[in-house]
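Shown next: entry28.cif, given as mmCIF, C-alpha atoms (C1' of nucleotides).
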```
data_start
loop_
_atom_site.label_atom_id
_atom_site.label_comp_id
_atom_site.auth_asym_id
_atom_site.auth_seq_id
_atom_site.Cartn_x
_atom_site.Cartn_y
_atom_site.Cartn_z
CA MET A 81 61.99 -23.72 131.84
CA PRO A 82 60.86 -26.76 129.86
CA PRO A 83 57.21 -26.82 128.81
CA VAL A 84 54.72 -28.18 131.30
CA SER A 85 53.92 -31.84 130.69
CA ALA A 86 52.17 -34.62 132.55
CA ASP A 87 55.61 -35.87 133.50
CA ARG A 88 56.78 -32.59 135.01
CA ILE A 89 53.57 -32.41 137.00
CA LEU A 90 54.21 -35.94 138.23
CA GLN A 91 57.73 -35.01 139.33
CA ALA A 92 56.49 -31.98 141.24
CA ALA A 93 53.72 -34.01 142.85
CA THR A 94 56.22 -36.71 143.89
CA ARG A 95 58.36 -34.17 145.69
CA LEU A 96 55.44 -32.42 147.37
CA PHE A 97 53.61 -35.59 148.38
CA GLY A 98 56.85 -36.95 149.81
CA GLU A 99 57.66 -33.78 151.76
CA ARG A 100 54.23 -32.74 153.08
CA GLY A 101 52.07 -35.78 152.51
CA TYR A 102 49.21 -36.25 150.07
CA PRO A 103 46.33 -34.66 152.01
CA SER A 104 48.39 -31.56 152.84
CA THR A 105 49.40 -30.93 149.26
CA SER A 106 46.85 -28.93 147.29
CA MET A 107 46.45 -28.80 143.55
CA ARG A 108 47.36 -25.11 143.93
CA ASP A 109 50.71 -26.18 145.47
CA ILE A 110 51.41 -28.45 142.52
CA GLY A 111 50.35 -25.73 140.12
CA ASP A 112 52.73 -23.26 141.77
CA ALA A 113 55.60 -25.74 141.42
CA VAL A 114 55.16 -26.00 137.64
CA GLY A 115 53.93 -22.48 136.96
CA LEU A 116 50.26 -23.17 136.30
CA LEU A 117 46.99 -22.44 138.06
CA ALA A 118 45.32 -25.36 139.77
CA GLY A 119 42.55 -25.61 137.18
CA SER A 120 45.01 -25.68 134.30
CA LEU A 121 46.59 -28.89 135.59
CA TYR A 122 43.49 -30.78 134.52
CA SER A 123 44.32 -30.51 130.84
CA HIS A 124 47.35 -32.71 131.59
CA ILE A 125 46.10 -35.02 134.31
CA SER A 126 42.75 -36.46 135.31
CA SER A 127 42.70 -36.11 139.10
CA LYS A 128 44.81 -35.68 142.21
CA GLU A 129 44.38 -39.32 143.13
CA ALA A 130 45.50 -40.45 139.66
CA LEU A 131 48.80 -38.66 140.36
CA LEU A 132 49.22 -40.48 143.66
CA PHE A 133 48.38 -43.84 142.16
CA LYS A 134 50.84 -43.42 139.31
CA ILE A 135 53.67 -42.45 141.69
CA VAL A 136 53.06 -45.38 144.00
CA ASP A 137 52.55 -47.91 141.22
CA THR A 138 55.64 -46.78 139.31
CA GLY A 139 57.72 -46.93 142.47
CA LEU A 140 56.59 -50.44 143.29
CA ASP A 141 57.28 -51.62 139.74
CA ARG A 142 60.76 -50.12 139.87
CA TYR A 143 61.33 -52.00 143.11
CA LEU A 144 60.01 -55.35 141.91
CA ASP A 145 61.96 -55.10 138.65
CA ALA A 146 65.19 -54.54 140.57
CA VAL A 147 64.79 -57.10 143.36
CA THR A 148 62.93 -59.98 141.68
CA PRO A 149 65.87 -61.22 139.56
CA ILE A 150 68.14 -61.06 142.60
CA ALA A 151 65.76 -62.94 144.90
CA THR A 152 65.10 -65.66 142.33
CA SER A 153 68.70 -66.23 141.23
CA ASP A 154 70.72 -69.36 141.99
CA ASP A 155 73.17 -67.61 144.30
CA PRO A 156 73.41 -68.64 147.97
CA ALA A 157 70.81 -66.95 150.17
CA ASP A 158 73.31 -64.74 152.01
CA VAL A 159 74.67 -63.43 148.72
CA ARG A 160 71.14 -62.84 147.44
CA LEU A 161 70.18 -60.99 150.60
CA ARG A 162 73.18 -58.67 150.42
CA GLU A 163 72.50 -57.96 146.77
CA ALA A 164 68.83 -57.32 147.44
CA ILE A 165 69.75 -54.87 150.20
CA ARG A 166 72.16 -53.12 147.82
CA ALA A 167 69.47 -52.83 145.17
CA HIS A 168 67.01 -51.54 147.74
CA VAL A 169 69.31 -48.82 149.09
CA ARG A 170 70.31 -47.74 145.58
CA LEU A 171 66.66 -47.37 144.63
CA VAL A 172 65.95 -45.35 147.76
CA ALA A 173 68.98 -43.13 147.18
CA ASP A 174 67.93 -42.40 143.61
CA ASN A 175 64.25 -41.84 144.44
CA VAL A 176 63.91 -40.73 148.06
CA GLU A 177 60.63 -38.85 147.64
CA GLU A 178 59.09 -41.52 145.43
CA THR A 179 59.99 -44.14 148.02
CA LEU A 180 58.45 -42.13 150.84
CA VAL A 181 55.24 -41.75 148.84
CA ALA A 182 55.14 -45.46 148.01
CA LEU A 183 55.74 -46.39 151.66
CA HIS A 184 53.39 -44.00 153.43
CA GLN A 185 50.96 -42.17 151.12
CA TRP A 186 49.31 -45.22 149.53
CA LYS A 187 46.96 -45.25 152.52
CA PHE A 188 45.10 -42.30 150.99
CA LEU A 189 44.17 -44.16 147.81
CA SER A 190 40.54 -45.11 147.34
CA ASP A 191 39.59 -48.74 147.90
CA ASP A 192 40.27 -50.25 144.46
CA ASN A 193 43.61 -48.56 143.93
CA ARG A 194 44.66 -49.29 147.49
CA HIS A 195 43.90 -52.99 147.22
CA TRP A 196 45.94 -53.18 144.03
CA VAL A 197 48.87 -51.50 145.72
CA VAL A 198 48.66 -53.64 148.85
CA ALA A 199 48.98 -56.75 146.68
CA LYS A 200 52.11 -55.37 145.01
CA ARG A 201 53.63 -54.47 148.36
CA LYS A 202 52.97 -58.00 149.50
CA ALA A 203 54.81 -59.33 146.47
CA GLY A 204 57.82 -57.22 147.44
CA ALA A 205 57.83 -58.52 151.00
CA ASP A 206 57.49 -62.09 149.71
CA LEU A 207 60.77 -61.75 147.85
CA PHE A 208 62.59 -61.31 151.17
CA ALA A 209 60.55 -64.06 152.82
CA ARG A 210 61.64 -66.36 150.02
CA ILE A 211 65.33 -65.58 150.49
CA LEU A 212 65.02 -66.22 154.22
CA THR A 213 63.12 -69.48 153.87
CA GLU A 214 65.47 -70.87 151.25
CA GLY A 215 68.49 -69.78 153.26
CA ILE A 216 67.21 -71.68 156.28
CA GLU A 217 66.48 -74.77 154.17
CA SER A 218 69.93 -74.73 152.64
CA GLY A 219 71.64 -74.28 155.99
CA VAL A 220 73.07 -70.84 155.23
CA PHE A 221 70.78 -69.18 157.79
CA ARG A 222 69.88 -70.38 161.26
CA PRO A 223 66.23 -71.37 161.83
CA ALA A 224 63.89 -68.49 162.68
CA ALA A 225 61.40 -68.79 165.52
CA HIS A 226 58.85 -66.75 163.53
CA PRO A 227 60.06 -66.17 159.97
CA ASP A 228 57.43 -63.47 159.35
CA ILE A 229 58.77 -61.44 162.26
CA THR A 230 62.35 -61.78 161.08
CA VAL A 231 61.34 -60.64 157.60
CA ALA A 232 59.46 -57.70 159.12
CA GLY A 233 62.60 -56.80 161.06
CA ILE A 234 64.69 -56.75 157.88
CA LEU A 235 62.07 -54.78 155.96
CA GLY A 236 61.92 -52.28 158.82
CA THR A 237 65.63 -51.63 158.55
CA LEU A 238 65.29 -51.08 154.80
CA ASN A 239 62.03 -49.12 154.83
CA TRP A 240 63.41 -46.75 157.44
CA VAL A 241 66.30 -45.71 155.18
CA PRO A 242 64.36 -43.01 153.29
CA GLU A 243 63.55 -41.38 156.64
CA TRP A 244 67.21 -40.54 157.28
CA PHE A 245 69.08 -40.91 153.99
CA SER A 246 70.63 -37.75 152.58
CA PRO A 247 72.61 -37.50 149.34
CA GLN A 248 74.87 -35.09 151.25
CA GLY A 249 75.63 -37.71 153.90
CA PRO A 250 79.15 -39.09 154.29
CA ALA A 251 78.38 -42.65 153.20
CA THR A 252 77.58 -43.83 149.68
CA PRO A 253 74.46 -45.94 149.06
CA ASP A 254 76.61 -49.06 148.68
CA GLU A 255 78.43 -48.37 151.94
CA ILE A 256 75.09 -47.95 153.69
CA ALA A 257 73.79 -51.14 152.12
CA ASP A 258 76.85 -53.12 153.22
CA ASP A 259 76.61 -51.83 156.79
CA LEU A 260 72.95 -52.84 156.92
CA ALA A 261 73.72 -56.21 155.33
CA ASP A 262 76.47 -56.77 157.91
CA LEU A 263 73.95 -56.02 160.65
CA VAL A 264 71.27 -58.32 159.29
CA LEU A 265 73.55 -61.16 158.23
CA GLY A 266 76.13 -61.13 161.00
CA GLY A 267 74.54 -59.24 163.88
CA LEU A 268 76.27 -56.96 166.33
CA THR A 269 77.87 -59.58 168.52
CA VAL A 270 81.49 -60.50 167.89
CA PRO A 271 81.67 -63.74 165.89
CA SER A 272 83.75 -65.56 168.51
CA ARG A 273 81.08 -65.06 171.11
CA ALA A 274 77.74 -66.83 170.85
CA PRO A 275 74.89 -64.33 171.12
CA LYS A 276 72.79 -64.66 174.25
CA ARG A 277 69.67 -66.56 173.31
CA ARG A 278 66.58 -67.14 175.35
CA MET B 255 29.09 -43.47 178.09
CA PRO B 256 31.44 -41.62 180.45
CA PRO B 257 31.25 -37.83 180.39
CA VAL B 258 33.32 -36.03 177.79
CA SER B 259 36.63 -34.84 179.16
CA ALA B 260 39.85 -33.48 177.74
CA ASP B 261 41.28 -36.96 178.24
CA ARG B 262 38.58 -38.74 176.26
CA ILE B 263 39.04 -36.25 173.44
CA LEU B 264 42.76 -36.96 173.52
CA GLN B 265 42.14 -40.70 173.28
CA ALA B 266 39.83 -40.27 170.31
CA ALA B 267 42.29 -37.93 168.61
CA THR B 268 45.12 -40.42 169.16
CA ARG B 269 43.20 -43.16 167.42
CA LEU B 270 42.05 -40.96 164.53
CA PHE B 271 45.42 -39.27 163.97
CA GLY B 272 47.08 -42.68 164.00
CA GLU B 273 44.61 -44.22 161.56
CA ARG B 274 44.05 -41.40 159.06
CA GLY B 275 46.83 -38.94 159.82
CA TYR B 276 46.61 -35.48 161.34
CA PRO B 277 45.70 -33.40 158.28
CA SER B 278 42.95 -35.81 157.23
CA THR B 279 41.29 -35.83 160.62
CA SER B 280 38.82 -32.97 161.11
CA MET B 281 37.61 -31.55 164.38
CA ARG B 282 34.20 -32.78 163.24
CA ASP B 283 35.61 -36.36 163.09
CA ILE B 284 36.91 -36.03 166.65
CA GLY B 285 33.63 -34.54 167.76
CA ASP B 286 31.71 -37.45 166.23
CA ALA B 287 33.93 -39.91 168.09
CA VAL B 288 33.08 -38.42 171.48
CA GLY B 289 29.51 -37.31 170.75
CA LEU B 290 30.05 -33.55 170.49
CA LEU B 291 29.90 -30.98 167.73
CA ALA B 292 33.22 -29.64 166.52
CA GLY B 293 32.77 -26.26 168.16
CA SER B 294 31.94 -27.80 171.51
CA LEU B 295 35.37 -29.43 171.70
CA TYR B 296 36.91 -26.03 172.33
CA SER B 297 35.56 -25.81 175.85
CA HIS B 298 37.84 -28.76 176.67
CA ILE B 299 40.88 -28.15 174.47
CA SER B 300 42.58 -25.13 173.00
CA SER B 301 43.36 -26.17 169.43
CA LYS B 302 43.81 -29.09 167.08
CA GLU B 303 47.59 -28.69 167.16
CA ALA B 304 47.63 -28.71 170.97
CA LEU B 305 46.06 -32.17 170.79
CA LEU B 306 48.76 -33.38 168.41
CA PHE B 307 51.56 -31.92 170.49
CA LYS B 308 50.29 -33.51 173.68
CA ILE B 309 50.00 -36.94 172.06
CA VAL B 310 53.50 -36.82 170.60
CA ASP B 311 55.12 -35.37 173.71
CA THR B 312 53.43 -37.86 176.03
CA GLY B 313 54.47 -40.72 173.79
CA LEU B 314 58.09 -39.62 173.71
CA ASP B 315 58.17 -39.20 177.49
CA ARG B 316 56.74 -42.67 177.96
CA TYR B 317 59.46 -44.00 175.69
CA LEU B 318 62.35 -42.16 177.36
CA ASP B 319 61.12 -43.14 180.83
CA ALA B 320 61.11 -46.80 179.85
CA VAL B 321 64.37 -47.02 177.91
CA THR B 322 66.68 -44.56 179.72
CA PRO B 323 67.19 -46.69 182.86
CA ILE B 324 67.91 -49.73 180.70
CA ALA B 325 70.41 -47.97 178.44
CA THR B 326 72.27 -46.42 181.37
CA SER B 327 72.44 -49.51 183.57
CA ASP B 328 75.62 -51.45 184.33
CA ASP B 329 74.59 -54.56 182.43
CA PRO B 330 76.65 -55.75 179.44
CA ALA B 331 75.70 -53.99 176.21
CA ASP B 332 74.10 -57.06 174.62
CA VAL B 333 71.86 -57.53 177.66
CA ARG B 334 70.96 -53.84 177.63
CA LEU B 335 70.13 -53.94 173.93
CA ARG B 336 67.83 -56.94 174.31
CA GLU B 337 66.08 -55.30 177.27
CA ALA B 338 65.72 -52.02 175.39
CA ILE B 339 64.17 -53.86 172.46
CA ARG B 340 61.77 -55.63 174.83
CA ALA B 341 60.76 -52.32 176.40
CA HIS B 342 60.29 -50.78 172.97
CA VAL B 343 58.06 -53.55 171.64
CA ARG B 344 56.00 -53.61 174.83
CA LEU B 345 55.40 -49.87 174.52
CA VAL B 346 54.39 -50.21 170.90
CA ALA B 347 52.07 -53.10 171.68
CA ASP B 348 50.34 -51.15 174.44
CA ASN B 349 50.09 -47.91 172.44
CA VAL B 350 50.07 -48.67 168.72
CA GLU B 351 48.22 -45.57 167.63
CA GLU B 352 50.15 -43.26 169.93
CA THR B 353 53.40 -44.66 168.57
CA LEU B 354 52.30 -44.13 164.99
CA VAL B 355 51.42 -40.52 165.78
CA ALA B 356 54.74 -39.92 167.56
CA LEU B 357 56.67 -41.47 164.66
CA HIS B 358 54.93 -39.88 161.69
CA GLN B 359 52.55 -37.04 162.58
CA TRP B 360 55.02 -34.78 164.42
CA LYS B 361 55.96 -33.39 161.00
CA PHE B 362 52.73 -31.39 161.04
CA LEU B 363 53.58 -29.48 164.20
CA SER B 364 54.41 -25.79 163.84
CA ASP B 365 58.05 -24.78 164.10
CA ASP B 366 58.48 -24.36 167.86
CA ASN B 367 56.66 -27.53 168.83
CA ARG B 368 58.38 -29.48 166.09
CA HIS B 369 61.86 -28.42 167.17
CA TRP B 370 61.08 -29.46 170.73
CA VAL B 371 59.92 -32.85 169.55
CA VAL B 372 62.89 -33.38 167.24
CA ALA B 373 65.22 -32.86 170.19
CA LYS B 374 63.37 -35.47 172.23
CA ARG B 375 63.46 -37.93 169.35
CA LYS B 376 67.20 -37.37 169.11
CA ALA B 377 67.56 -38.19 172.81
CA GLY B 378 65.78 -41.49 172.19
CA ALA B 379 68.07 -42.41 169.31
CA ASP B 380 71.11 -41.46 171.39
CA LEU B 381 70.19 -44.12 173.94
CA PHE B 382 70.71 -46.81 171.32
CA ALA B 383 73.86 -45.14 170.00
CA ARG B 384 75.23 -45.23 173.53
CA ILE B 385 74.57 -48.94 173.93
CA LEU B 386 76.26 -49.65 170.61
CA THR B 387 79.33 -47.51 171.32
CA GLU B 388 79.84 -48.91 174.79
CA GLY B 389 79.35 -52.43 173.50
CA ILE B 390 82.06 -51.94 170.91
CA GLU B 391 84.42 -50.43 173.50
CA SER B 392 83.88 -53.30 175.90
CA GLY B 393 84.40 -55.89 173.18
CA VAL B 394 80.89 -57.31 173.33
CA PHE B 395 80.06 -55.96 169.86
CA ARG B 396 82.24 -55.99 166.77
CA PRO B 397 83.39 -52.59 165.48
CA ALA B 398 80.92 -50.80 163.19
CA ALA B 399 82.06 -49.20 159.95
CA HIS B 400 79.59 -46.34 160.46
CA PRO B 401 77.96 -46.53 163.89
CA ASP B 402 75.23 -44.04 162.93
CA ILE B 403 74.12 -46.28 160.09
CA THR B 404 74.06 -49.35 162.30
CA VAL B 405 71.97 -47.48 164.87
CA ALA B 406 69.62 -46.32 162.11
CA GLY B 407 69.29 -49.93 161.01
CA ILE B 408 68.28 -51.04 164.50
CA LEU B 409 65.87 -48.15 164.93
CA GLY B 410 64.32 -48.98 161.58
CA THR B 411 63.56 -52.50 162.73
CA LEU B 412 61.94 -51.15 165.89
CA ASN B 413 60.13 -48.18 164.38
CA TRP B 414 58.60 -50.40 161.72
CA VAL B 415 56.90 -52.61 164.33
CA PRO B 416 53.78 -50.41 164.72
CA GLU B 417 53.22 -50.70 160.96
CA TRP B 418 52.55 -54.43 161.18
CA PHE B 419 51.90 -55.29 164.84
CA SER B 420 48.45 -56.59 165.70
CA PRO B 421 47.25 -57.58 169.17
CA GLN B 422 45.48 -60.45 167.40
CA GLY B 423 48.73 -61.74 165.93
CA PRO B 424 50.10 -65.13 166.99
CA ALA B 425 53.22 -63.82 168.78
CA THR B 426 53.32 -61.98 172.09
CA PRO B 427 55.21 -58.69 172.34
CA ASP B 428 58.07 -60.40 174.20
CA GLU B 429 58.33 -63.12 171.56
CA ILE B 430 58.47 -60.44 168.87
CA ALA B 431 61.10 -58.53 170.83
CA ASP B 432 63.26 -61.62 171.26
CA ASP B 433 63.07 -62.50 167.58
CA LEU B 434 64.14 -58.96 166.67
CA ALA B 435 66.89 -58.99 169.30
CA ASP B 436 68.14 -62.32 167.90
CA LEU B 437 68.24 -60.74 164.45
CA VAL B 438 70.09 -57.63 165.56
CA LEU B 439 72.48 -59.31 168.00
CA GLY B 440 73.22 -62.55 166.21
CA GLY B 441 72.26 -61.99 162.59
CA LEU B 442 70.78 -64.48 160.20
CA THR B 443 73.90 -66.45 159.39
CA VAL B 444 74.54 -69.66 161.29
CA PRO B 445 77.06 -69.06 164.09
CA SER B 446 79.53 -71.64 162.81
CA ARG B 447 79.84 -69.81 159.53
CA ALA B 448 81.50 -66.42 159.35
CA PRO B 449 79.24 -63.95 157.55
CA LYS B 450 80.52 -62.77 154.21
CA ARG B 451 82.08 -59.37 154.74
CA ARG B 452 83.28 -56.90 152.14
"C1'" DC C 204 46.24 -22.26 129.75
"C1'" DC C 205 43.38 -18.53 132.08
"C1'" DT C 206 39.00 -16.47 134.05
"C1'" DA C 207 35.65 -17.29 136.90
"C1'" DC C 208 33.36 -20.05 139.48
"C1'" DC C 209 30.96 -24.38 141.97
"C1'" DG C 210 29.52 -26.76 146.41
"C1'" DA C 211 31.87 -28.80 150.24
"C1'" DT C 212 34.62 -28.60 154.04
"C1'" DC C 213 38.10 -26.66 157.05
"C1'" DG C 214 39.60 -24.74 162.16
"C1'" DG C 215 37.74 -21.85 165.11
"C1'" DT C 216 34.52 -18.22 167.55
"C1'" DA C 217 30.43 -15.35 169.59
"C1'" DG C 218 26.72 -15.66 172.24
"C1'" DG C 219 23.85 -17.93 174.84
"C1'" DC D 70 27.33 -27.94 175.05
"C1'" DC D 71 24.48 -26.12 171.02
"C1'" DT D 72 23.15 -22.64 167.35
"C1'" DA D 73 24.83 -20.19 164.01
"C1'" DC D 74 28.25 -18.51 161.78
"C1'" DC D 75 33.15 -16.60 160.05
"C1'" DG D 76 36.77 -16.29 156.24
"C1'" DA D 77 39.79 -19.49 154.01
"C1'" DT D 78 40.67 -23.20 151.28
"C1'" DC D 79 39.67 -27.53 149.01
"C1'" DG D 80 39.29 -30.54 144.24
"C1'" DG D 81 37.42 -29.82 140.17
"C1'" DT D 82 34.70 -27.71 135.94
"C1'" DA D 83 32.58 -24.60 132.08
"C1'" DG D 84 33.69 -21.78 128.67
"C1'" DG D 85 36.69 -19.63 126.08
#
```
What is this structure when it is put down as structure tokens?
Amino acid sequence: MPPVSADRILQAATRLFGERGYPSTSMRDIGDAVGLLAGSLYSHISSKEALLFKIVDTGLDRYLDAVTPIATSDDPADVRLREAIRAHVRLVADNVEETLVALHQWKFLSDDNRHWVVAKRKAGADLFARILTEGIESGVFRPAAHPDITVAGILGTLNWVPEWFSPQGPATPDEIADDLADLVLGGLTVPSRAPKRR
Amino acid sequence: MPPVSADRILQAATRLFGERGYPSTSMRDIGDAVGLLAGSLYSHISSKEALLFKIVDTGLDRYLDAVTPIATSDDPADVRLREAIRAHVRLVADNVEETLVALHQWKFLSDDNRHWVVAKRKAGADLFARILTEGIESGVFRPAAHPDITVAGILGTLNWVPEWFSPQGPATPDEIADDLADLVLGGLTVPSRAPKRR
DNA sequence: CCTACCGATCGGTAGG
DNA sequence: CCTACCGATCGGTAGG
């Protein structure tokens, strides 16, 4: 067993917060996971909330670092969208618990930390909004009645992945990403047949 | 103020569980919301978990009752899918907090109740899997590389709606549903242009 | 990193 | 429906 460090505590907290949620995870649970008593954790970390904030903030940075260069490249919008979806699913596959914490547990941060995190989440959503808008302008994508709703639909597909993804599943992350990109880019309807519109 | 009843307690619990989550909501919080002390709640209800179970189970029943007749009708699969999406978004719009509880708080049920709920959730997902499979068989939908992943993508779009929906938003539930149905059925790419496939 | 502990809060109950 | 309370558990700290 490697020595206990702030980083090992963070790993254990990531797993526990992701599995049970932040409020249901006690400092005694985290201590058990690394072989310390609850009180002893405080020589490595400052507070329970500091753990949560670091997990969420690190996860969002990892996400922005991966997707920003894709969203802002010169490739056509459909290529950028598929690549962004690939990057997203790879990140989720490599960090399922971290992603779940970043998506759902940030609500338990205190006001200042939460506002910071909400702004970063917004920046992530804006990357997809940008791809959509530019794709419509360039004629690659059809016009959207309400672009915000379409973006929310795409983000829903992606943000739901950590709820069902399993490393033991039959499909690789890139296969999953391509299936989801096919859905979002091409839709379900056969290409020869115009989809029923209102 | 109407008299306190089991039903009013259930309504207050639905709102609080949806906003703060089950573990972070205390019986004292629920008592405050209906004007009782925590202990006094127990002459109307049996336990905190019984409240959670009832909310989740009621929500799932409401969902299955609305979507089952649509999914099993004789309409073409694309029509059924659009109608199912409409029903889903209407339900979410009318019961945002209940939907959030049914989607996320069921994890805190004890084993027996949780297994019951997981089976009902599975039945809901199967309705969409059925529409997809039958649509592919009838030639309305293109074949899916991994149908389970495509279904998960659609469910993600729908299950994410309660995270961002607001009754004060500019779009009506049916407008939202049609935008999401356009996304899932037709995709983003302009119809004249075949989407880039692998 | 442990011992020993703090005040606060938890779900729930007895008795009226 | 309240008073008064139960044992358990919470995040965190003092002192070593």
Sorted by chain and rising residue number, list the residues of chain A at most 9 Å from chain D (counting all atoms listed in the file), each with its closest atom pair and distance in Å to one decimal, as a Markdown table.
```
| residue | atom | partner | partner_atom | distance |
| --- | --- | --- | --- | --- |
| A:Ser106 | CA | D:DC79 | C1' | 7.5 |
| A:Met107 | CA | D:DG80 | C1' | 7.4 |
| A:Gly119 | CA | D:DG81 | C1' | 7.3 |
| A:Tyr122 | CA | D:DG81 | C1' | 8.3 |
| A:Ser127 | CA | D:DG81 | C1' | 8.3 |
| A:Lys128 | CA | D:DG80 | C1' | 7.8 |
```
Expansion of the PyMOL selection byres ((chain A) within 7 of (chain B)) into residues, as number ranges by chain:
A: 103-104, 220-222, 225, 229-230, 233-234, 236-237, 240, 256, 259-260, 262-270, 275
Excluding Asp283 of chain B and its own-chain neighbours fewer than 4 positions away, which residues fall within 10 Å of it when counting only C-alpha atoms (C1' of nucleotides)? Please give them as a PyMOL selection string.
chain B and resi 266-267+270+278-279+287-292
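When atom CA of Lys134 of chain A is paired with atom CA of Leu90 of chain A, their separation reads 8.3 Å.
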Selection under test: the PyMOL selection byres ((chain A and resi 133) around 12); residues as a PyMOL selection string:
chain A and resi 90+93-94+97+102+126-132+134-140+178+181-182+185-198
Give, as JSON, the centre coordinates and the x, y and z edge lengths in Å to one decimal for an axis-aligned box around all listed atoms of segment 95-113 of chain A, padded by 6 Å on each side.
```
{"center_x": 52.3, "center_y": -30.1, "center_z": 146.6, "size_x": 24.0, "size_y": 25.7, "size_z": 25.0}
```
Using the chain letters and numbers from the file, give me the residues hit by the PyMOL selection byres ((chain B and resi 321) around 12), as an mmCIF file with C-alpha atoms, keeping the file's coordinate frame.
```
data_model
loop_
_atom_site.group_PDB
_atom_site.id
_atom_site.type_symbol
_atom_site.label_atom_id
_atom_site.label_comp_id
_atom_site.auth_asym_id
_atom_site.auth_seq_id
_atom_site.Cartn_x
_atom_site.Cartn_y
_atom_site.Cartn_z
ATOM 1 C CA LEU B 314 58.090 -39.620 173.710
ATOM 2 C CA ASP B 315 58.170 -39.200 177.490
ATOM 3 C CA ARG B 316 56.740 -42.670 177.960
ATOM 4 C CA TYR B 317 59.460 -44.000 175.690
ATOM 5 C CA LEU B 318 62.350 -42.160 177.360
ATOM 6 C CA ASP B 319 61.120 -43.140 180.830
ATOM 7 C CA ALA B 320 61.110 -46.800 179.850
ATOM 8 C CA THR B 322 66.680 -44.560 179.720
ATOM 9 C CA PRO B 323 67.190 -46.690 182.860
ATOM 10 C CA ILE B 324 67.910 -49.730 180.700
ATOM 11 C CA ALA B 325 70.410 -47.970 178.440
ATOM 12 C CA THR B 326 72.270 -46.420 181.370
ATOM 13 C CA SER B 327 72.440 -49.510 183.570
ATOM 14 C CA ARG B 334 70.960 -53.840 177.630
ATOM 15 C CA LEU B 335 70.130 -53.940 173.930
ATOM 16 C CA ARG B 336 67.830 -56.940 174.310
ATOM 17 C CA GLU B 337 66.080 -55.300 177.270
ATOM 18 C CA ALA B 338 65.720 -52.020 175.390
ATOM 19 C CA ILE B 339 64.170 -53.860 172.460
ATOM 20 C CA ARG B 340 61.770 -55.630 174.830
ATOM 21 C CA ALA B 341 60.760 -52.320 176.400
ATOM 22 C CA HIS B 342 60.290 -50.780 172.970
ATOM 23 C CA VAL B 343 58.060 -53.550 171.640
ATOM 24 C CA ARG B 344 56.000 -53.610 174.830
ATOM 25 C CA LEU B 345 55.400 -49.870 174.520
ATOM 26 C CA ALA B 377 67.560 -38.190 172.810
ATOM 27 C CA GLY B 378 65.780 -41.490 172.190
ATOM 28 C CA ALA B 379 68.070 -42.410 169.310
ATOM 29 C CA ASP B 380 71.110 -41.460 171.390
ATOM 30 C CA LEU B 381 70.190 -44.120 173.940
ATOM 31 C CA PHE B 382 70.710 -46.810 171.320
ATOM 32 C CA ARG B 384 75.230 -45.230 173.530
ATOM 33 C CA ILE B 385 74.570 -48.940 173.930
#
```
Find the distance between atom CA of Arg95 of chain A and atom CA of Ser120 of chain A and write it in Å to one decimal.
19.5 Å
d(atom CA of Ala209 of chain A, atom CA of Asp228 of chain A) in Å:
7.3 Å
From the options B:Gln422, B:Gln265, B:Gly272, B:Glu388, which residue's atoms come nearest to Pro330 of chain B, counting only C-alpha atoms?
B:Glu388
